[in-house]
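**Student:** The structure file upload.txt (compact mmCIF, C-alpha atoms) is provided below.
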# COMPACT_ATOMS: atom_id res chain seq x y z
CA MET A 448 62.27 180.01 61.06
CA ALA A 449 58.84 179.09 59.81
CA GLN A 450 58.52 175.31 59.53
CA PHE A 451 56.45 173.95 56.66
CA ARG A 452 54.84 170.52 57.01
CA LEU A 453 51.98 168.72 55.35
CA GLN A 454 48.97 167.61 57.33
CA GLY A 455 47.51 165.07 54.97
CA SER A 456 48.14 165.91 51.32
CA LYS A 457 45.84 168.89 51.09
CA VAL A 458 46.59 171.00 54.15
CA LEU A 459 49.80 172.90 54.77
CA ALA A 460 50.71 173.56 58.40
CA VAL A 461 53.23 176.30 59.09
CA ASP A 462 54.75 176.56 62.57
CA MET A 463 55.80 180.12 63.28
CA THR A 464 57.64 181.76 66.12
CA GLY A 465 57.29 185.45 65.49
CA ASP A 466 58.36 185.24 61.85
CA ALA A 467 56.29 185.73 58.74
CA VAL A 468 55.24 183.90 55.59
CA LYS A 469 53.60 185.08 52.39
CA ALA A 470 50.46 183.21 51.37
CA LYS A 471 47.76 183.36 48.75
CA ASN A 472 44.97 185.67 49.81
CA GLY A 473 42.23 183.90 51.74
CA ALA A 474 44.03 180.54 51.86
CA MET A 475 44.08 180.33 55.68
CA VAL A 476 41.68 177.69 56.95
CA ALA A 477 42.59 177.66 60.63
CA TYR A 478 45.21 178.76 63.13
CA ASP A 479 46.08 178.56 66.77
CA GLY A 480 48.09 181.09 68.71
CA GLN A 481 48.33 184.70 67.62
CA MET A 482 48.33 185.63 63.94
CA ALA A 483 48.08 188.88 62.03
CA PHE A 484 47.06 189.02 58.37
CA LYS A 485 48.11 191.86 56.11
CA LYS A 486 47.47 192.24 52.44
CA MET A 487 50.44 192.63 50.16
CA SER A 488 50.62 192.65 46.42
CA GLY A 489 52.41 190.13 44.29
CA GLY A 490 55.00 190.82 41.64
CA GLY A 491 57.72 192.05 43.95
CA GLU A 492 58.00 194.93 46.33
CA GLY A 493 58.15 198.61 45.73
CA LEU A 494 57.20 200.82 42.86
CA ARG A 495 58.81 198.67 40.20
CA GLY A 496 56.87 195.66 41.40
CA MET A 497 53.67 197.61 41.29
CA VAL A 498 54.26 198.78 37.75
CA THR A 499 55.16 195.25 36.65
CA ARG A 500 51.99 193.92 38.20
CA ARG A 501 49.84 196.44 36.44
CA LEU A 502 51.52 195.76 33.12
CA THR A 503 51.69 192.01 33.27
CA GLY A 504 48.36 191.16 34.77
CA GLU A 505 50.24 188.56 36.83
CA GLN A 506 48.74 190.04 39.93
CA MET A 507 48.38 187.46 42.60
CA ALA A 508 46.82 188.69 45.77
CA VAL A 509 49.23 187.87 48.56
CA MET A 510 48.94 188.33 52.27
CA GLU A 511 51.60 188.41 54.91
CA VAL A 512 50.91 186.17 57.88
CA LYS A 513 52.92 186.89 60.98
CA GLY A 514 52.69 185.49 64.47
CA HIS A 515 53.28 182.77 67.02
CA GLY A 516 51.63 179.38 66.62
CA THR A 517 50.52 177.16 63.77
CA CYS A 518 48.70 178.42 60.73
CA TYR A 519 46.94 176.02 58.33
CA PHE A 520 46.54 176.78 54.65
CA ALA A 521 44.54 175.03 51.94
CA ASP A 522 43.16 175.95 48.55
CA ARG A 523 40.04 174.36 47.09
CA ALA A 524 41.09 170.87 48.14
CA SER A 525 44.07 170.81 45.81
CA GLU A 526 47.17 168.75 46.60
CA ILE A 527 50.16 170.54 48.07
CA ASN A 528 53.81 170.05 47.15
CA LEU A 529 56.68 171.36 49.24
CA VAL A 530 59.68 172.80 47.41
CA ARG A 531 62.92 173.68 49.18
CA LEU A 532 64.90 176.32 47.35
CA GLN A 533 68.62 176.74 47.86
CA GLY A 534 69.40 179.92 46.05
CA GLU A 535 67.76 178.87 42.81
CA LYS A 536 64.73 180.31 41.11
CA LEU A 537 61.32 178.67 41.00
CA PHE A 538 59.01 179.53 38.12
CA VAL A 539 55.39 178.89 39.00
CA GLU A 540 51.97 179.89 37.78
CA ALA A 541 50.58 182.51 40.15
CA GLY A 542 47.45 180.48 40.80
CA ASN A 543 49.52 177.51 41.96
CA LEU A 544 51.64 179.35 44.51
CA LEU A 545 50.15 178.79 47.97
CA CYS A 546 52.74 179.94 50.46
CA THR A 547 56.41 180.97 50.71
CA GLU A 548 58.76 181.90 53.49
CA ALA A 549 59.04 185.65 53.86
CA ALA A 550 62.74 185.51 53.02
CA LEU A 551 61.97 184.39 49.47
CA ARG A 552 61.63 187.10 46.87
CA THR A 553 58.73 186.94 44.44
CA GLY A 554 58.65 188.58 41.05
CA THR A 555 57.28 188.24 37.55
CA THR A 556 59.00 187.17 34.40
CA PHE A 557 58.20 187.11 30.70
CA THR A 558 57.34 183.69 29.32
CA GLY A 559 56.50 184.52 25.77
CA LEU A 560 54.17 182.49 23.67
CA ARG A 561 53.99 179.68 26.18
CA GLY A 562 51.96 181.80 28.54
CA ALA A 563 49.56 182.79 25.84
CA SER A 564 48.86 179.19 24.91
CA GLN A 565 48.15 178.35 28.53
CA GLY A 566 45.62 181.06 28.83
CA ASN A 567 47.66 182.42 31.71
CA GLY A 568 48.96 185.52 30.04
CA LEU A 569 52.50 186.21 28.94
CA PHE A 570 54.05 186.31 32.37
CA THR A 571 54.70 183.92 35.20
CA THR A 572 55.65 184.28 38.85
CA THR A 573 59.17 183.65 40.09
CA VAL A 574 60.26 182.78 43.61
CA GLU A 575 63.94 183.24 44.42
CA GLY A 576 66.21 182.75 47.41
CA SER A 577 66.66 180.12 50.08
CA GLY A 578 63.75 178.62 51.95
CA GLN A 579 60.56 176.70 51.54
CA ALA A 580 57.63 177.22 49.24
CA ALA A 581 54.37 175.32 48.83
CA ILE A 582 52.74 174.93 45.44
CA THR A 583 49.35 173.45 44.70
CA SER A 584 48.43 170.99 42.00
CA HIS A 585 45.23 169.38 40.84
CA GLY A 586 46.01 165.78 41.76
CA THR A 587 49.40 164.59 43.02
CA ALA A 588 52.14 166.22 40.99
CA VAL A 589 55.15 164.38 39.60
CA VAL A 590 58.60 165.93 39.51
CA LEU A 591 60.38 165.18 36.25
CA ARG A 592 64.11 165.66 35.83
CA VAL A 593 65.43 167.30 32.71
CA THR A 594 69.06 166.78 31.70
CA LYS A 595 71.06 167.87 28.69
CA GLN A 596 70.57 164.48 27.06
CA TYR A 597 66.90 164.20 27.92
CA PRO A 598 64.74 167.20 27.15
CA LEU A 599 61.11 167.08 28.20
CA GLN A 600 57.88 167.98 26.49
CA VAL A 601 54.96 169.00 28.70
CA ASP A 602 51.34 169.74 28.01
CA PRO A 603 50.87 173.45 28.73
CA GLY A 604 47.77 172.76 30.78
CA ALA A 605 49.51 170.20 32.99
CA TYR A 606 52.63 172.28 33.65
CA ILE A 607 52.68 173.95 37.06
CA ALA A 608 56.24 174.92 37.93
CA HIS A 609 59.93 174.39 37.25
CA THR A 610 63.31 175.06 38.81
CA GLY A 611 66.84 175.00 37.53
CA ASP A 612 68.64 176.20 34.45
CA LEU A 613 66.07 175.44 31.79
CA THR A 614 65.19 177.03 28.54
CA GLN A 615 61.68 176.59 27.31
CA HIS A 616 60.36 176.59 23.79
CA PHE A 617 56.89 176.48 22.67
CA GLN A 618 56.30 173.90 19.99
CA SER A 619 53.24 173.10 18.02
CA GLY A 620 52.19 170.12 16.03
CA VAL A 621 49.42 171.96 14.28
CA ASN A 622 48.92 170.51 10.87
CA PHE A 623 46.27 170.15 8.23
CA ARG A 624 44.27 167.68 10.33
CA SER A 625 43.93 170.10 13.23
CA PHE A 626 42.62 172.73 10.88
CA ILE A 627 39.81 170.54 9.71
CA GLY A 628 38.94 169.61 13.31
CA GLU A 629 40.63 166.22 13.35
CA GLY A 630 43.41 167.16 15.75
CA SER A 631 44.66 164.80 18.41
CA GLY A 632 44.14 167.42 21.10
CA GLU A 633 47.89 167.55 21.67
CA ALA A 634 48.73 170.34 19.29
CA PHE A 635 50.93 172.34 21.64
CA GLN A 636 53.73 171.44 24.02
CA ILE A 637 56.36 173.22 26.02
CA ARG A 638 59.83 171.80 25.44
CA PHE A 639 62.27 172.12 28.32
CA GLU A 640 66.01 171.86 27.69
CA GLY A 641 68.93 172.11 30.10
CA GLU A 642 69.23 170.92 33.69
CA GLY A 643 66.38 171.15 36.13
CA LEU A 644 63.11 169.86 37.51
CA VAL A 645 59.62 170.26 36.11
CA TYR A 646 56.44 169.81 38.18
CA VAL A 647 53.56 168.30 36.24
CA GLN A 648 50.04 167.74 37.49
CA PRO A 649 47.83 164.82 36.38
CA SER A 650 45.14 167.15 35.16
CA GLU A 651 44.83 169.69 32.42
CA ARG A 652 43.70 173.25 32.78
CA ASN A 653 41.57 174.56 29.99
CA THR A 654 43.90 176.18 27.55
CA VAL A 655 43.49 177.73 24.16
CA GLY A 656 45.85 175.08 22.80
CA GLY A 657 43.82 172.22 24.23
CA GLU A 658 40.95 172.98 21.91
CA VAL A 659 43.02 172.45 18.79
CA MET B 1412 32.16 151.37 66.07
CA PRO B 1413 30.21 150.53 62.98
CA PHE B 1414 31.83 152.73 60.30
CA THR B 1415 34.80 151.66 58.20
CA ALA B 1416 36.29 154.01 55.62
CA LEU B 1417 36.55 152.11 52.33
CA ASN B 1418 38.33 155.07 50.77
CA SER B 1419 38.31 158.80 51.35
CA ARG B 1420 34.80 159.17 49.94
CA ILE B 1421 32.96 155.97 50.86
CA VAL B 1422 32.20 154.56 54.31
CA GLU B 1423 30.78 151.17 55.12
CA ALA B 1424 28.46 150.65 58.07
CA ARG B 1425 27.87 147.31 59.76
CA ILE B 1426 24.41 146.86 61.13
CA GLY B 1427 23.66 144.16 63.63
CA PRO B 1428 20.35 142.70 64.74
CA GLY B 1429 18.08 145.25 66.33
CA GLN B 1430 20.41 148.14 65.40
CA ARG B 1431 19.25 151.18 63.57
CA MET B 1432 20.93 154.11 61.92
CA PHE B 1433 20.03 157.25 60.02
CA SER B 1434 21.49 158.54 56.79
CA GLN B 1435 20.90 161.35 54.38
CA ARG B 1436 18.22 160.29 51.94
CA GLY B 1437 19.70 158.86 48.76
CA ALA B 1438 23.20 158.47 50.18
CA MET B 1439 23.21 154.66 49.99
CA LEU B 1440 25.64 153.41 47.36
CA ALA B 1441 25.46 149.66 47.86
CA TYR B 1442 24.52 147.12 50.49
CA ARG B 1443 24.84 143.47 51.40
CA GLY B 1444 22.36 141.45 53.41
CA GLU B 1445 18.80 142.16 54.43
CA VAL B 1446 18.41 145.88 54.97
CA SER B 1447 15.37 148.08 54.83
CA PHE B 1448 15.46 151.76 53.95
CA THR B 1449 12.52 153.86 55.01
CA PRO B 1450 12.14 157.59 54.54
CA ASN B 1451 12.16 159.21 57.93
CA ILE B 1452 9.53 161.91 57.90
CA GLN B 1453 10.50 163.15 61.32
CA GLY B 1454 14.05 163.79 60.12
CA GLY B 1455 15.63 161.69 62.82
CA GLN B 1456 14.76 160.81 66.37
CA GLY B 1457 12.74 162.30 69.13
CA GLY B 1458 9.19 162.32 67.79
CA ILE B 1459 7.04 165.18 66.57
CA GLY B 1460 8.42 167.76 69.00
CA SER B 1461 11.96 167.33 67.71
CA MET B 1462 10.72 167.34 64.16
CA ILE B 1463 9.08 170.72 64.64
CA GLY B 1464 12.22 171.97 66.34
CA ARG B 1465 14.32 170.93 63.37
CA ARG B 1466 11.87 172.47 60.90
CA VAL B 1467 11.91 175.75 62.75
CA ALA B 1468 15.67 175.69 62.99
CA ASN B 1469 15.98 174.82 59.29
CA GLU B 1470 18.09 171.81 60.23
CA ALA B 1471 15.68 169.32 58.68
CA THR B 1472 17.71 167.59 55.96
CA PRO B 1473 15.73 164.62 54.59
CA LEU B 1474 16.84 161.47 56.34
CA MET B 1475 16.09 157.79 56.01
CA THR B 1476 16.13 155.03 58.58
CA VAL B 1477 18.42 152.12 57.78
CA GLU B 1478 17.72 148.95 59.72
CA VAL B 1479 17.64 145.21 59.59
CA PRO B 1480 14.02 143.99 59.43
CA GLN B 1481 12.64 142.28 62.50
CA GLY B 1482 12.88 138.55 62.68
CA ILE B 1483 16.28 138.32 61.02
CA ASN B 1484 19.06 137.32 63.35
CA GLY B 1485 22.77 137.09 62.86
CA GLN B 1486 24.72 134.25 64.32
CA GLY B 1487 26.46 135.01 67.55
CA GLY B 1488 25.80 138.73 67.25
CA ALA B 1489 27.72 138.95 63.98
CA PRO B 1490 26.87 141.87 61.71
CA ILE B 1491 24.28 140.68 59.26
CA ALA B 1492 24.29 143.60 56.91
CA THR B 1493 26.72 146.17 55.58
CA VAL B 1494 25.71 149.37 53.84
CA MET B 1495 28.00 151.69 51.88
CA PHE B 1496 27.37 155.41 52.01
CA GLY B 1497 28.73 158.30 49.99
CA HIS B 1498 27.31 161.49 48.59
CA GLY B 1499 28.16 163.94 45.85
CA GLY B 1500 31.79 162.81 45.64
CA HIS B 1501 32.52 164.62 48.89
CA HIS B 1502 35.16 163.45 51.30
CA VAL B 1503 33.75 161.58 54.27
CA HIS B 1504 35.23 161.76 57.75
CA VAL B 1505 34.20 159.42 60.55
CA VAL B 1506 33.86 160.84 64.05
CA ASP B 1507 33.69 158.37 66.95
CA LEU B 1508 31.91 159.78 69.98
CA THR B 1509 32.39 158.46 73.48
CA GLY B 1510 29.84 160.48 75.40
CA GLU B 1511 30.66 163.97 74.17
CA THR B 1512 28.60 166.15 71.84
CA LEU B 1513 29.27 166.72 68.16
CA TYR B 1514 28.10 169.97 66.57
CA VAL B 1515 27.57 169.80 62.83
CA GLU B 1516 25.35 171.32 60.16
CA ALA B 1517 22.55 168.92 59.21
CA ASP B 1518 23.43 168.99 55.51
CA ARG B 1519 27.00 167.85 56.25
CA LEU B 1520 25.79 164.82 58.17
CA LEU B 1521 25.98 161.76 55.91
CA ALA B 1522 24.99 159.02 58.35
CA PHE B 1523 24.98 158.36 62.07
CA ASP B 1524 24.30 155.67 64.64
CA GLY B 1525 20.77 155.38 65.93
CA SER B 1526 22.30 155.17 69.38
CA LEU B 1527 23.30 158.83 69.23
CA GLN B 1528 20.93 161.39 70.63
CA GLN B 1529 20.05 164.01 68.08
CA GLY B 1530 19.10 167.58 68.83
CA THR B 1531 19.31 171.13 67.58
CA MET B 1532 21.07 173.96 69.29
CA PHE B 1533 20.66 177.70 69.01
CA MET B 1534 24.11 179.01 68.31
CA GLY B 1535 23.06 182.65 68.41
CA SER B 1536 22.96 182.45 72.18
CA GLN B 1537 26.73 182.26 72.20
CA GLY B 1538 28.22 185.68 71.79
CA GLY B 1539 25.06 187.78 71.71
CA VAL B 1540 24.81 190.06 68.69
CA MET B 1541 28.08 188.73 67.29
CA GLY B 1542 26.50 185.29 67.39
CA MET B 1543 23.79 186.55 65.08
CA VAL B 1544 26.36 188.13 62.81
CA ARG B 1545 28.32 184.88 62.75
CA GLY B 1546 25.33 183.01 61.38
CA GLN B 1547 25.02 185.53 58.59
CA VAL B 1548 28.70 185.68 57.77
CA THR B 1549 29.37 181.97 57.78
CA GLY B 1550 26.19 181.14 55.94
CA GLN B 1551 25.68 178.38 58.48
CA GLY B 1552 22.58 179.75 60.10
CA LEU B 1553 21.86 180.28 63.75
CA PHE B 1554 21.14 176.67 64.55
CA THR B 1555 23.21 173.57 64.33
CA THR B 1556 22.55 169.87 64.80
CA THR B 1557 23.98 168.12 67.83
CA LEU B 1558 24.71 164.44 68.29
CA LYS B 1559 25.42 163.13 71.75
CA GLY B 1560 26.28 159.78 73.23
CA VAL B 1561 28.34 156.78 72.27
CA GLY B 1562 28.52 155.93 68.59
CA SER B 1563 29.82 157.13 65.25
CA ALA B 1564 28.85 159.75 62.72
CA ALA B 1565 30.06 160.23 59.16
CA VAL B 1566 30.50 163.87 58.18
CA MET B 1567 30.98 165.22 54.66
CA ALA B 1568 33.55 167.78 53.61
CA HIS B 1569 34.95 169.28 50.45
CA GLY B 1570 38.52 168.01 50.41
CA GLY B 1571 40.18 166.10 53.22
CA VAL B 1572 39.57 166.88 56.87
CA ILE B 1573 42.12 167.66 59.55
CA GLU B 1574 41.40 167.43 63.27
CA LEU B 1575 42.78 170.22 65.42
CA PRO B 1576 42.77 169.85 69.20
CA ILE B 1577 41.43 172.74 71.25
CA THR B 1578 42.74 173.22 74.77
CA PRO B 1579 42.22 176.11 77.20
CA GLN B 1580 45.79 177.22 76.49
CA ARG B 1581 45.45 176.89 72.74
CA PRO B 1582 42.25 178.25 71.23
CA VAL B 1583 41.92 177.65 67.49
CA HIS B 1584 40.75 180.13 64.88
CA VAL B 1585 39.03 178.73 61.82
CA ASP B 1586 38.02 180.25 58.51
CA PRO B 1587 34.19 180.12 58.64
CA GLN B 1588 34.05 178.60 55.15
CA ALA B 1589 36.51 175.84 56.07
CA TYR B 1590 34.79 174.95 59.36
CA VAL B 1591 33.11 171.52 59.24
CA ALA B 1592 32.18 170.49 62.77
CA HIS B 1593 33.42 170.49 66.33
CA ARG B 1594 33.01 168.41 69.42
CA GLY B 1595 33.52 168.66 73.13
CA ASP B 1596 33.07 171.50 75.56
CA VAL B 1597 33.82 174.32 73.18
CA ARG B 1598 32.71 177.93 73.03
CA ASN B 1599 32.75 179.66 69.71
CA LYS B 1600 32.58 183.26 68.73
CA LEU B 1601 33.18 185.28 65.64
CA SER B 1602 36.32 187.33 65.77
CA THR B 1603 37.00 190.06 63.28
CA ALA B 1604 40.16 191.55 61.99
CA LEU B 1605 38.19 194.20 60.16
CA GLY B 1606 40.10 197.38 59.63
CA TRP B 1607 39.80 200.28 57.28
CA ARG B 1608 41.80 198.27 54.72
CA ASP B 1609 38.93 195.78 54.45
CA MET B 1610 36.44 198.56 54.03
CA VAL B 1611 38.29 199.88 51.00
CA GLY B 1612 38.61 196.41 49.53
CA ARG B 1613 42.26 195.80 50.33
CA GLY B 1614 41.72 193.17 52.97
CA SER B 1615 43.81 190.07 53.32
CA GLY B 1616 40.73 187.96 52.73
CA GLU B 1617 40.83 186.77 56.32
CA ALA B 1618 38.53 189.36 57.86
CA PHE B 1619 36.37 186.94 59.84
CA GLN B 1620 37.40 183.95 61.86
CA LEU B 1621 35.57 181.59 64.16
CA GLU B 1622 37.36 181.48 67.48
CA LEU B 1623 36.91 178.15 69.27
CA SER B 1624 38.03 177.90 72.86
CA GLY B 1625 37.63 175.35 75.62
CA GLN B 1626 38.34 171.64 75.45
CA GLY B 1627 37.63 169.58 72.37
CA THR B 1628 38.37 169.07 68.69
CA VAL B 1629 37.52 171.04 65.59
CA TYR B 1630 37.25 169.51 62.12
CA VAL B 1631 38.52 171.68 59.28
CA GLN B 1632 38.27 170.94 55.56
CA ALA B 1633 41.05 171.59 53.07
CA SER B 1634 38.95 173.97 51.08
CA GLU B 1635 36.99 177.14 51.39
CA GLU B 1636 34.07 175.95 49.35
CA LYS B 1637 30.73 174.95 50.75
CA LEU B 1638 29.33 171.53 49.96
Hey, can you dump this file as structure tokens for me?
**Tutor:**
Amino acid sequence: MAQFRLQGSKVLAVDMTGDAVKAKNGAMVAYDGQMAFKKMSGGGEGLRGMVTRRLTGEQMAVMEVKGHGTCYFADRASEINLVRLQGEKLFVEAGNLLCTEAALRTGTTFTGLRGASQGNGLFTTTVEGSGQAAITSHGTAVVLRVTKQYPLQVDPGAYIAHTGDLTQHFQSGVNFRSFIGEGSGEAFQIRFEGEGLVYVQPSERNTVGGEV
Amino acid sequence: MPFTALNSRIVEARIGPGQRMFSQRGAMLAYRGEVSFTPNIQGGQGGIGSMIGRRVANEATPLMTVEVPQGINGQGGAPIATVMFGHGGHHVHVVDLTGETLYVEADRLLAFDGSLQQGTMFMGSQGGVMGMVRGQVTGQGLFTTTLKGVGSAAVMAHGGVIELPITPQRPVHVDPQAYVAHRGDVRNKLSTALGWRDMVGRGSGEAFQLELSGQGTVYVQASEEKL
């Protein structure tokens, strides 16, 4: 079993004994022991995955890293968060997914308008199964719990991932003021309802919505 | 050892009477006490010969000398001045040397003790033709700066730095873009995993690695961006 651990907050160390992990292309910074790197393609395996990738544009370049030893991953000095999945599904922006255990299945899913407002397209990446995954955030991410009584609104640019049984709606507060250029800059939010966890980073990506 | 990390991006150096240190020009953020900063035309120690060596090797980053002026004495050998260094918002990592040699690119060197012996080394001699290729691939040139002796050096990196030990049983491979510095008795060579997949643009993005073997430590930054 590949063991994930953090070396500092910005470097992921994965101890491997002959098993494999999937990682973002080019994210290896160092390794000891024997490692082999092989390019894969995101969006799931096989022909269906390939077609989905082409259609959705959610094509993350993934490599398979296999070997004995310790492999270190990092991505542009961003903070790394470890997520342990027990059969549930993790929804994450492709750019924020750093590394997963090989046993986890990755795919793409339709996100609707939310994706468009984030400037990330209409699709997002899903990770499913049991095992560990590492996601990156710009600044230390907070994990916010959503329950039936307490829905959560998130800035689309600060959202990075979520798990659990959540429904998401896109809501806008666009009004007359925004049209005349007097908006508060918080015209769009994603509203999460249900039971689950949402990962939010203390930084905002540039989004179409952010300009309003 | 004179460096104290104030946070991940600022280090503070204590300078005692008669001590001297070098820093990248313009990297002083603040200071206390009587300190003089003089541009160091020679780019460090060792006189004109070393200066020419550094110029030729393109390892001549502008430096300044930081010292306490003559005639000022601390009481009981206490530090009489502290200087804070930082540059470009980069992370700063302090390396304490106890007699071994540190290999680092001149432009990553923020500040170092005057007690350390500075030199340049031709890296192309390691690994023959592949050594030449390594310089081209890593964008780090064929020469590197060496610091030897007892003292401290502050090295800059993009993102935090991790230290990985190198032992004869456990060589370490490093992404050339993430490599910061190394120390000790270490050999390095460029290893390739180039296959036909890379040629047709389907590589894993990890086609080249620096292989470091021997006995020592390598410093790796949490990013694949240059400074």
**Student:** Quick one: everything within 7 Å of Ser456 (chain A), counting all atoms listed in the file, minus sequence neighbours fewer than 2 positions away in the same chain. Send it as number ranges by chain.
**Tutor:** A: 453-454, 458, 526-527
**Student:** Report the distance between CA of Gly1595 (chain B) and CA of Leu1417 (chain B) in Å, rounded to one decimal place.
**Tutor:**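 So the two atoms, CA of Gly1595 (chain B) and CA of Leu1417 (chain B), lie 26.8 Å apart.
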**Student:** Determine, using only C-alpha atoms, which residues of chain A have any atom at most 7 Å from an atom of chain B, and tabulate each with its shortest atom pair and distance in Å to one decimal place, rows ordered by chain and then rising number, as CSV.
**Tutor:**
residue,atom,partner,partner_atom,distance
A:Lys457,CA,B:Ala1633,CA,5.8
A:Val458,CA,B:Ala1633,CA,5.7
A:Asn472,CA,B:Gly1616,CA,5.6
A:Gly473,CA,B:Gly1616,CA,4.4
A:Met475,CA,B:Asp1586,CA,6.7
A:Val476,CA,B:Asp1586,CA,4.7
A:Ala477,CA,B:Val1585,CA,3.9
A:Tyr478,CA,B:His1584,CA,5.0
A:Asp479,CA,B:Val1583,CA,4.3
A:Gly480,CA,B:Arg1581,CA,6.4
A:Phe484,CA,B:Ser1615,CA,6.1
A:Lys485,CA,B:Ser1615,CA,5.4
A:Lys486,CA,B:Ser1615,CA,4.3
A:Met510,CA,B:Ser1615,CA,5.5
A:Ala521,CA,B:Ala1633,CA,5.0
A:Asp522,CA,B:Ser1634,CA,5.3
A:Arg523,CA,B:Ser1634,CA,4.2
A:Ala524,CA,B:Gly1570,CA,4.5
**Student:** Given all atoms listed in the file as the basis, pick out the residue of A:Thr555, A:Gln579, A:Gln481, A:Ser525 nearest to Ser650 (chain A).
**Tutor:**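 Comparing A:Thr555, A:Gln579, A:Gln481, A:Ser525 against Ser650 (chain A), the winner is A:Ser525.
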**Student:** Could you tell me how far CA of Gly1497 (chain B) sits from CA of Ala1424 (chain B), in Å to one decimal place?
**Tutor:**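 Computing the Euclidean distance for CA of Ala1424 (chain B) and CA of Gly1497 (chain B) yields 11.1 Å.
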**Student:** What is the CA of Gly576 (chain A) to CA of Ala541 (chain A) distance in Å?
**Tutor:**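 Going from CA of Gly576 (chain A) over to CA of Ala541 (chain A) covers 17.2 Å.
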**Student:** Quick one: residues within 10 Å of Gly1499 (chain B), all atoms listed in the file, excluding same-chain residues fewer than 3 positions away - as a ChimeraX atom specification?
**Tutor:** /B:1420,1438,1502,1567,1569,1638
**Student:** Could you name the residues that touch Val593 (chain A) at 10 Å or less, counting only C-alpha atoms, but leaving out those on the same chain fewer than 6 positions away, as a list in words?
**Tutor:**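 Selected residues are Leu599, Gln600, Gly611, Asp612, Leu613, Phe639, Glu640, Gly641, Glu642, Gly643, Leu644 and Val645 of chain A.
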**Student:** Quick one: everything within 7 Å of Asp1596 (chain B), counting only C-alpha atoms, minus sequence neighbours fewer than 4 positions away in the same chain. Send it as a VMD selection string.
**Tutor:** chain B and resid 1625 to 1627
**Student:** For Lys536 (chain A), which of A:Ala549, A:Met482, A:Ala608, A:Cys518 is the closest residue, counting all atoms listed in the file?
**Tutor:**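 Nearest to Lys536 (chain A): A:Ala608.
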**Student:** Of the residues A:Leu537, A:Ala470, A:Val647, A:Ala508, which is the one nearest to Gly604 (chain A), using all atoms listed in the file?
**Tutor:**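 Using all atoms listed in the file, Gly604 (chain A) sits closest to A:Val647.
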**Student:** Please report, as JSON, the centre and edge lengths in Å to one decimal of an axis-aligned box covering all listed atoms of region 465-471 of chain A with 8 Å per side.
**Tutor:**
{"center_x": 53.1, "center_y": 184.5, "center_z": 57.1, "size_x": 26.6, "size_y": 18.5, "size_z": 32.7}
**Student:** So that I can check the surroundings of Gly1525 (chain B), please list as a PDB file with C-alpha atoms, in the frame of the given file every protein, DNA and RNA residue that reaches within 10 Å of it, counting only C-alpha atoms and ignoring chain neighbours fewer than 4 positions away.
**Tutor:**
ATOM      1  CA  GLN B1430      20.410 148.140  65.400  1.00  0.00           C
ATOM      2  CA  ARG B1431      19.250 151.180  63.570  1.00  0.00           C
ATOM      3  CA  MET B1432      20.930 154.110  61.920  1.00  0.00           C
ATOM      4  CA  PHE B1433      20.030 157.250  60.020  1.00  0.00           C
ATOM      5  CA  SER B1434      21.490 158.540  56.790  1.00  0.00           C
ATOM      6  CA  GLY B1455      15.630 161.690  62.820  1.00  0.00           C
ATOM      7  CA  GLN B1456      14.760 160.810  66.370  1.00  0.00           C
ATOM      8  CA  THR B1476      16.130 155.030  58.580  1.00  0.00           C
ATOM      9  CA  VAL B1477      18.420 152.120  57.780  1.00  0.00           C
ATOM     10  CA  GLU B1478      17.720 148.950  59.720  1.00  0.00           C
ATOM     11  CA  GLN B1529      20.050 164.010  68.080  1.00  0.00           C
ATOM     12  CA  VAL B1561      28.340 156.780  72.270  1.00  0.00           C
ATOM     13  CA  GLY B1562      28.520 155.930  68.590  1.00  0.00           C
ATOM     14  CA  SER B1563      29.820 157.130  65.250  1.00  0.00           C
ATOM     15  CA  ALA B1564      28.850 159.750  62.720  1.00  0.00           C
TER      16      ALA B1564
END
**Student:** In terms of the shortest atom-to-atom distance over only C-alpha atoms, which of A:Asp462, A:Thr583, A:Cys546, A:Thr610 is closest to Leu532 (chain A)?
**Tutor:** A:Thr610
